[in-house]
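**Student:** Structure below; questions to follow.
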Amino acid sequence: MTTSHDSSYSSQTAREIATQPDCWRKAAASAADHCDALPKHGERVAVVGCGTSYYMALAYAELREQAGHGETDAFAASLFPADRHYDRVVALTRSGTTTEVVTLLTRIRGRARVTALTADGTTPVADVSDSVIVLDYADEESVVQTRFATTALALLRAHLEHLGPLPEGVRTIAQAADDVERAIAAPLPGDMLAAEQITFLGVGWAYGLALEAGLKLREAAGAWTEAYPAMEYRHGPISITAPGRGAWVFGPAPHGLGDDVARTGGAYVAESGGAPGDLDPLADLVRAQRLAVHMAGARGLDPDRPRALTRSVVLPGAHD
């Protein structure tokens, strides 16, 4: 069951969500210009960020390893293992001011090459990085991140295309951009619109996207969401699924999972598995972004101004 009712809720976040096809294509076109700043084949790499940026880091790290380009770890910036050696650290930070990221890069400066992807190259992160890639065309007015995060991942994916063959089943960014146009225009999964709880599940690199989908609905709509690796769902989390609740899978669903969800009476969405007509998982994430805006509007909330959140977390005394 699908519906297109999300169009009735207008917001700055919704308008930024709709620009993602152009942002991804622009990122892909510029990837070759950033080869010196981005990880090279064989480098040992750590990718860091906070919140949404951390989840994009998880997705990229898994993709890079799957493609055979070298060991790649992802960390929340506050949990980076300071004594571990890496050839390069890639930092994702929309604002360029996030305390944990700037503090980390200051601490490791000179021990590894640091590349920052940010929306503003004049912020403190630029002062503690060796290379800065500015994605200002994907910057946002909204507190809730949508297009900046996906555009950063699109750029990193496009760079992997330049390095060699993509992992089996992973589409090019050109294909993903076509998919996101469909994801923006397509009706939302109707069973999810009124769900009191949604569990997002991810397979492989799409696990980071599942985490991000859950975060978007919590941030924008105060929704009850959870996220797990898809194979972990049967090991406990499935017990929360029931009529009026749902499970949404990013990436190829494990065999029999749909049947397991059906037995709970819950709703089930799995439309980014790689089969013809399916969406790229990153494009499917955009549907979850749209769902977050819809749910916020339906609950009388403003997705542009989520409760208790600010555009950047800058702690008192930071960057002095």
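Ligands are numbered from 1 in the order shown, residues from 1 within each chain, and chains are lettered A, B, ... in the order they appear in the structure tokens.
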Kindly provide the residues of region 47-157 of chain A that approach region 19-24 of chain A to within 12 Å, each paired with its closest atom pair and their distance in Å to one decimal, based on only C-alpha atoms, listed by chain and increasing number, as JSON lines.
**Tutor:**
```
{"residue": "A:Leu135", "atom": "CA", "partner": "A:Cys23", "partner_atom": "CA", "distance": 9.1}
{"residue": "A:Asp136", "atom": "CA", "partner": "A:Cys23", "partner_atom": "CA", "distance": 10.2}
{"residue": "A:Tyr137", "atom": "CA", "partner": "A:Cys23", "partner_atom": "CA", "distance": 7.2}
{"residue": "A:Ala138", "atom": "CA", "partner": "A:Cys23", "partner_atom": "CA", "distance": 6.2}
{"residue": "A:Asp139", "atom": "CA", "partner": "A:Cys23", "partner_atom": "CA", "distance": 10.0}
{"residue": "A:Glu140", "atom": "CA", "partner": "A:Thr19", "partner_atom": "CA", "distance": 10.7}
{"residue": "A:Gln145", "atom": "CA", "partner": "A:Gln20", "partner_atom": "CA", "distance": 11.9}
{"residue": "A:Thr146", "atom": "CA", "partner": "A:Gln20", "partner_atom": "CA", "distance": 8.5}
{"residue": "A:Arg147", "atom": "CA", "partner": "A:Gln20", "partner_atom": "CA", "distance": 5.7}
{"residue": "A:Phe148", "atom": "CA", "partner": "A:Cys23", "partner_atom": "CA", "distance": 8.5}
{"residue": "A:Ala149", "atom": "CA", "partner": "A:Gln20", "partner_atom": "CA", "distance": 10.2}
{"residue": "A:Thr150", "atom": "CA", "partner": "A:Trp24", "partner_atom": "CA", "distance": 7.7}
{"residue": "A:Thr151", "atom": "CA", "partner": "A:Trp24", "partner_atom": "CA", "distance": 5.3}
{"residue": "A:Ala152", "atom": "CA", "partner": "A:Trp24", "partner_atom": "CA", "distance": 8.5}
{"residue": "A:Leu153", "atom": "CA", "partner": "A:Trp24", "partner_atom": "CA", "distance": 8.9}
{"residue": "A:Ala154", "atom": "CA", "partner": "A:Trp24", "partner_atom": "CA", "distance": 5.7}
{"residue": "A:Leu155", "atom": "CA", "partner": "A:Trp24", "partner_atom": "CA", "distance": 7.3}
{"residue": "A:Leu156", "atom": "CA", "partner": "A:Trp24", "partner_atom": "CA", "distance": 10.6}
{"residue": "A:Arg157", "atom": "CA", "partner": "A:Trp24", "partner_atom": "CA", "distance": 10.1}
```
**Student:** Keeping only N, CA and C atoms, write the selected residues to a file as a short mmCIF file (atom, residue, chain, number, x, y, z; two decimals), in the first residue's frame.
**Tutor:**
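Written out: again_37.cif:
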```
data_model
loop_
_atom_site.label_atom_id
_atom_site.label_comp_id
_atom_site.auth_asym_id
_atom_site.auth_seq_id
_atom_site.Cartn_x
_atom_site.Cartn_y
_atom_site.Cartn_z
N LEU A 135 31.54 21.15 0.01
CA LEU A 135 30.29 20.81 -0.69
C LEU A 135 29.25 21.88 -0.35
N ASP A 136 29.57 23.14 -0.65
CA ASP A 136 28.69 24.24 -0.25
C ASP A 136 27.36 24.19 -0.99
N TYR A 137 27.33 23.62 -2.18
CA TYR A 137 26.09 23.52 -2.92
C TYR A 137 25.10 22.56 -2.26
N ALA A 138 25.58 21.73 -1.33
CA ALA A 138 24.70 20.80 -0.62
C ALA A 138 24.44 21.26 0.81
N ASP A 139 24.87 22.46 1.16
CA ASP A 139 24.61 22.96 2.52
C ASP A 139 23.10 23.10 2.73
N GLU A 140 22.73 23.23 3.99
CA GLU A 140 21.31 23.24 4.35
C GLU A 140 21.02 24.34 5.36
N GLN A 145 19.89 17.05 9.02
CA GLN A 145 20.69 16.82 7.82
C GLN A 145 19.97 15.88 6.87
N THR A 146 19.98 16.23 5.60
CA THR A 146 19.50 15.33 4.55
C THR A 146 20.47 15.35 3.37
N ARG A 147 20.44 16.43 2.58
CA ARG A 147 21.19 16.40 1.33
C ARG A 147 22.69 16.50 1.52
N PHE A 148 23.18 17.18 2.56
CA PHE A 148 24.63 17.24 2.71
C PHE A 148 25.20 15.86 2.96
N ALA A 149 24.58 15.12 3.85
CA ALA A 149 25.11 13.80 4.20
C ALA A 149 25.09 12.86 3.01
N THR A 150 23.98 12.82 2.28
CA THR A 150 23.91 11.90 1.14
C THR A 150 24.84 12.33 0.02
N THR A 151 25.04 13.64 -0.14
CA THR A 151 25.95 14.13 -1.18
C THR A 151 27.39 13.79 -0.83
N ALA A 152 27.76 13.89 0.44
CA ALA A 152 29.11 13.48 0.85
C ALA A 152 29.34 12.01 0.54
N LEU A 153 28.36 11.16 0.85
CA LEU A 153 28.51 9.74 0.54
C LEU A 153 28.51 9.51 -0.97
N ALA A 154 27.72 10.28 -1.71
CA ALA A 154 27.73 10.15 -3.16
C ALA A 154 29.11 10.47 -3.73
N LEU A 155 29.76 11.50 -3.21
CA LEU A 155 31.11 11.84 -3.67
C LEU A 155 32.08 10.71 -3.36
N LEU A 156 32.02 10.17 -2.16
CA LEU A 156 32.92 9.09 -1.79
C LEU A 156 32.67 7.83 -2.64
N ARG A 157 31.41 7.55 -2.92
CA ARG A 157 31.10 6.42 -3.79
C ARG A 157 31.61 6.66 -5.20
#
```
**Student:** Which residues are near Arg64 (chain A)? Cut-off 12 Å, only C-alpha atoms, ignore same chain within fewer than 6 positions. Put them as a ChimeraX atom specification.
**Tutor:** /A:38-47,57-58,70-74,153,156-161,163-167,170,204-205
**Student:** What's the 10 Å shell around Glu271 (chain A), counting only C-alpha atoms, without same-chain residues fewer than 3 positions away, as a PyMOL selection string?
**Tutor:** chain A and resi 248-253+268+274-275+277-281+284
**Student:** Between A:Ala91, A:Met231, A:Ile173, A:Ala183, which is the closest to Phe200 (chain A) once you count only C-alpha atoms?
**Tutor:**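 Once distances to Phe200 (chain A) are computed over only C-alpha atoms, the minimum belongs to A:Met231.
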**Student:** Name the closest residue to Glu219 (chain A) among the candidates A:Arg107, A:Arg15, A:His69, A:Arg307; distances are taken between atoms, counting only C-alpha atoms.
**Tutor:** A:Arg307
**Student:** Residues within 12 Å of Leu92 (chain A), please, as JSON, numbers by chain. Count only C-alpha atoms; anything in the same chain fewer than 3 positions from it doesn't count.
**Tutor:** {"A": [46, 47, 48, 49, 50, 51, 52, 53, 54, 55, 56, 57, 58, 60, 74, 75, 76, 77, 89, 95, 96, 97, 98, 100, 101, 102, 105, 114, 115, 116, 117, 118, 119, 120, 125, 126, 129, 132, 133, 134, 135, 148, 149, 150, 151, 152, 153, 155, 156]}
**Student:** What parts of region 61-307 of chain A does DSSP call alpha helix (DSSP H)? I'd like the answer as a ChimeraX atom specification.
**Tutor:** /A:61-66,99-108,124-127,147-163,173-185,190-193,207-221,257-264,281-298
**Student:** What does the structure give for the distance between CA of His85 (chain A) and CA of Arg113 (chain A), in Å to one decimal?
**Tutor:**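 Distance between the two atoms: 11.0 Å.
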**Student:** Given the choices A:Ile198, A:Ala283, A:Leu104, A:Leu188, which gets closest to Pro124 (chain A) if the distance is worked out from only C-alpha atoms?
**Tutor:** A:Leu104
**Student:** Which residue gives the smallest distance to Ala28 (chain A) among A:Ile238, A:Ala195, A:Ala177, A:Ala221, with only C-alpha atoms counted?
**Tutor:**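 Counting only C-alpha atoms, the residue closest to Ala28 (chain A) is A:Ala177.
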**Student:** Mind giving me the straight-line distance from CA of Ala27 (chain A) to CA of Ala67 (chain A) in Å, one decimal?
**Tutor:**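 Taking CA of Ala27 (chain A) and CA of Ala67 (chain A), their separation equals 19.7 Å.
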**Student:** Measuring between only C-alpha atoms, which one of A:Ala220, A:Leu257, A:Leu201, A:Ala18 shows the shortest distance to Ala292 (chain A)?
**Tutor:**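 When distances to Ala292 (chain A) are compared using only C-alpha atoms, the smallest one comes from A:Ala220.
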**Student:** Just the number, please: distance in Å from CA of Thr199 (chain A) to CA of Leu211 (chain A), one decimal.
**Tutor:** 9.7 Å
**Student:** Within 9 Å of Ile240 (chain A), counting only C-alpha atoms, which residues show up once you throw out same-chain ones fewer than 5 positions away? Write them as a list in words, please.
**Tutor:** Gln197, Thr199, Arg245 and Thr264 of chain A
**Student:** How would the residues just picked look written out with C-alpha atoms as a short mmCIF file (atom, residue, chain, number, x, y, z; two decimals), in the first residue's frame?
**Tutor:**
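Written out: result-v9.cif:
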```cif
data_model
loop_
_atom_site.label_atom_id
_atom_site.label_comp_id
_atom_site.auth_asym_id
_atom_site.auth_seq_id
_atom_site.Cartn_x
_atom_site.Cartn_y
_atom_site.Cartn_z
CA GLN A 197 7.07 1.98 15.69
CA THR A 199 12.56 -1.01 12.92
CA ARG A 245 4.35 -1.47 13.64
CA THR A 264 4.13 -10.85 13.50
#
```
**Student:** Out of A:Asp83, A:Asp127, A:Glu232, A:Glu196, which residue has the shortest atom-to-atom distance to Arg111 (chain A) when counting only C-alpha atoms?
**Tutor:**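 Among the listed residues, A:Asp83 lies closest to Arg111 (chain A).
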**Student:** Looking only at strand (DSSP E or B) from DSSP on the backbone, list the matching residues of region 22-131 of chain A as number ranges by chain.
**Tutor:** A: 45-49, 72-76, 88-92, 109, 112-118, 131
